[in-house]
Every structure is written in structure tokens, then in C-alpha cells.
Amino acid sequence: MASDDITFMQRALELARQAEAAGEVPVGAVIVKDGVIIAEGSNRPIGANDPTAHAEIVALRAAGQALGTYRLTGTTLYVTLEPCAMCASAMVHARVQRLVYAASDPRAGAAGSVFNIVQHAALNHRVECTGGVLAEECGTMLRSFFLARR
């Protein structure tokens with residue numbers, strides 16, 4: 001596990017904590033280009049009344065604005081939970097180079113757990129994928145969040 005991966009995932013974890021404090025599912029995401037964070041996002045579908053306001057989508061939108069293009073080539077997206085089908089598809093369309101996620105999502109994960117959209121042979125772009133970076137810490141936070149809700 002690269003030290004940069006840990007550093008950027010720690011920032012995503014901070015964003016996940018902010019989402020949790022706001023009453024959202026604790027997921028955070030950062031997008032990095034050339035070793036620098038260019039965009040961040042945290043879950044906010046409840047507060048924004050927007051079913052698409054997942055951390056990854058928020059970060060992708062901010063990255064597009066920061067770079068002045070919807071093509072996010074040469075970027076890495078770090079996220080605390082394996083992306084869903086919507087977010088994975090958006091990464092493919094944006095041409096994100098690499099995805100790094102923490103906890104796997106055995107119910108809705110689209111980077112290998114349930115689907116593998118980010119590397120699907122039928123699509124015109126494939127995203128390099130690394131899972132398990134700070135998985136225990138992120139998974140514990142998510143489990144605690146959902147246990148408290150039950």
C-alpha cells in the first residue's frame with residue numbers, strides 16, 4: 001500500500017466523518033491529480049434532496065469545475081466505500097485513471113463485489129482499481145453508523 005494512498009484515504013475518511021455529523025451515510029471522496037487534491041466530496045443526498053449526491057459524484061463535479069473539463073484523465077479517485085453502479089459508471093465516463101477504495105460493499109459494490117463496471121470489457125474505458133486501503137477503519141465507521149440506525 002503506497003503511503004500517498006494512505007494519506008489521501010485519510011482525508012477521505014475525514015470527509016466521511018463530516019458527512020456522518022450531518023446525518024448522512026459516512027462516505028467521503030477526494031480526487032487527486034499530479035499528487036495534489038483537486039476536488040473533494042462527501043455524501044449529501046439527504047441534505048441536498050438529491051439521490052445522485054453521493055460523495056464520488058460531488059467530487060467528480062467539483063473536479064470537472066476545477067479542471068475546466070469533464071474528462072478527468074490522469075486523476076485518482078479515493079473513496080471510503082466501494083462505489084455503487086451510478087458512481088462507477090460516472091468514473092468510466094469521466095475517464096478517471098485510477099480508483100482507490102477502502103471498504104468493499106457486498107450489497108451494491110460496482111468495482112468487483114457485485115458488479116465490475118470500472119473494468120468491464122464492453123465499455124470504452126477501464127479504471128485501474130485498488131481496494132482495501134484503510135478498509136478496517138472505514139468499515140468500522142460504516143458498521144457503527146448503520147448499527148446506531150437500527
# chains A, B, ... in the order shown; residues from 1 in each chain; ligands from 1
>>> residues_around(residues="Glu14 (chain A)", least_positions_apart="4", cutoff="12 Å", atoms="only C-alpha atoms", output="PyMOL selection string")
chain A and resi 7-10+18-21+26-30+40-42+79-80+137-138+141
>>> residues_around(residues="region 107-116 of chain A", least_positions_apart="2", cutoff="7 Å", atoms="only C-alpha atoms", output="VMD selection string")
chain A and resid 82 to 85 88 104 to 105 118 to 120
>>> select_by_dssp(residues="region 69-145 of chain A", states="alpha helix (DSSP H)", output="PDB file with C-alpha atoms, in the first residue's frame")
ATOM      1  CA  ALA A  85     -23.111   1.335 -10.140  1.00  0.00           C
ATOM      2  CA  MET A  86     -24.009   5.014 -10.646  1.00  0.00           C
ATOM      3  CA  CYS A  87     -20.695   6.278  -9.292  1.00  0.00           C
ATOM      4  CA  ALA A  88     -18.623   3.616 -11.045  1.00  0.00           C
ATOM      5  CA  SER A  89     -20.284   4.472 -14.350  1.00  0.00           C
ATOM      6  CA  ALA A  90     -19.624   8.168 -13.837  1.00  0.00           C
ATOM      7  CA  MET A  91     -15.926   7.398 -13.236  1.00  0.00           C
ATOM      8  CA  VAL A  92     -15.753   5.470 -16.501  1.00  0.00           C
ATOM      9  CA  HIS A  93     -17.446   8.304 -18.400  1.00  0.00           C
ATOM     10  CA  ALA A  94     -15.101  10.853 -16.818  1.00  0.00           C
ATOM     11  CA  ALA A 135     -10.576  -0.860   4.939  1.00  0.00           C
ATOM     12  CA  GLU A 136     -10.819  -1.745   8.626  1.00  0.00           C
ATOM     13  CA  GLU A 137     -11.140   1.835   9.825  1.00  0.00           C
ATOM     14  CA  CYS A 138     -13.658   2.810   7.155  1.00  0.00           C
ATOM     15  CA  GLY A 139     -15.633  -0.423   7.518  1.00  0.00           C
ATOM     16  CA  THR A 140     -15.860   0.021  11.278  1.00  0.00           C
ATOM     17  CA  MET A 141     -17.217   3.541  10.851  1.00  0.00           C
ATOM     18  CA  LEU A 142     -19.865   2.359   8.379  1.00  0.00           C
ATOM     19  CA  ARG A 143     -20.909  -0.614  10.527  1.00  0.00           C
ATOM     20  CA  SER A 144     -21.208   1.616  13.614  1.00  0.00           C
ATOM     21  CA  PHE A 145     -23.278   4.122  11.671  1.00  0.00           C
TER      22      PHE A 145
END
>>> residues_around(residues="region 123-130 of chain A", least_positions_apart="5", cutoff="7 Å", atoms="only C-alpha atoms", output="list in words")
Val92, Arg95, Val96, Gln97, Arg98, Leu99, Val100, Tyr101 and Val118 of chain A
>>> write_last_selection(atoms="C-alpha atoms", output="PDB file, in the first residue's frame")
ATOM      1  CA  VAL A  92     -15.753   5.470 -16.501  1.00  0.00           C
ATOM      2  CA  ARG A  95     -12.048   8.740 -17.755  1.00  0.00           C
ATOM      3  CA  VAL A  96     -10.744   8.611 -14.174  1.00  0.00           C
ATOM      4  CA  GLN A  97      -7.427   6.771 -14.396  1.00  0.00           C
ATOM      5  CA  ARG A  98      -7.441   5.065 -11.016  1.00  0.00           C
ATOM      6  CA  LEU A  99      -9.877   4.233  -8.229  1.00  0.00           C
ATOM      7  CA  VAL A 100      -8.732   3.540  -4.668  1.00  0.00           C
ATOM      8  CA  TYR A 101     -11.403   2.480  -2.201  1.00  0.00           C
ATOM      9  CA  VAL A 118     -14.965   0.094 -13.670  1.00  0.00           C
TER      10      VAL A 118
END
>>> closest_residue(among="A:Leu15, A:Ala63, A:Ile57, A:Pro51", to="Ile37 (chain A)", atoms="only C-alpha atoms")
A:Ala63
>>> closest_residue(among="A:Leu81, A:Ala102, A:Ala121, A:His54", to="Asp5 (chain A)", atoms="only C-alpha atoms")
A:Ala102
>>> closest_residue(among="A:Leu72, A:Leu67, A:Leu77, A:Ala16", to="Val32 (chain A)", atoms="only C-alpha atoms")
A:Leu77
>>> closest_residue(among="A:Thr73, A:Ala103, A:Val58, A:Gly35", to="Ser3 (chain A)", atoms="only C-alpha atoms")
A:Gly35
>>> select_by_dssp(residues="region 3-150 of chain A", states="strand (DSSP E)", output="NGL selection string")
:A and (28-33 or 36-42 or 75-81 or 98-103 or 128-131)
>>> atom_distance(atom1="CA of Ile38 (chain A)", atom2="CA of Ala59 (chain A)")
8.9 Å
>>> atom_distance(atom1="CA of Leu134 (chain A)", atom2="CA of Phe146 (chain A)")
18.7 Å
>>> closest_residue(among="A:Ala122, A:Asp4, A:Lys33, A:Arg61", to="Thr76 (chain A)", atoms="only C-alpha atoms")
A:Lys33
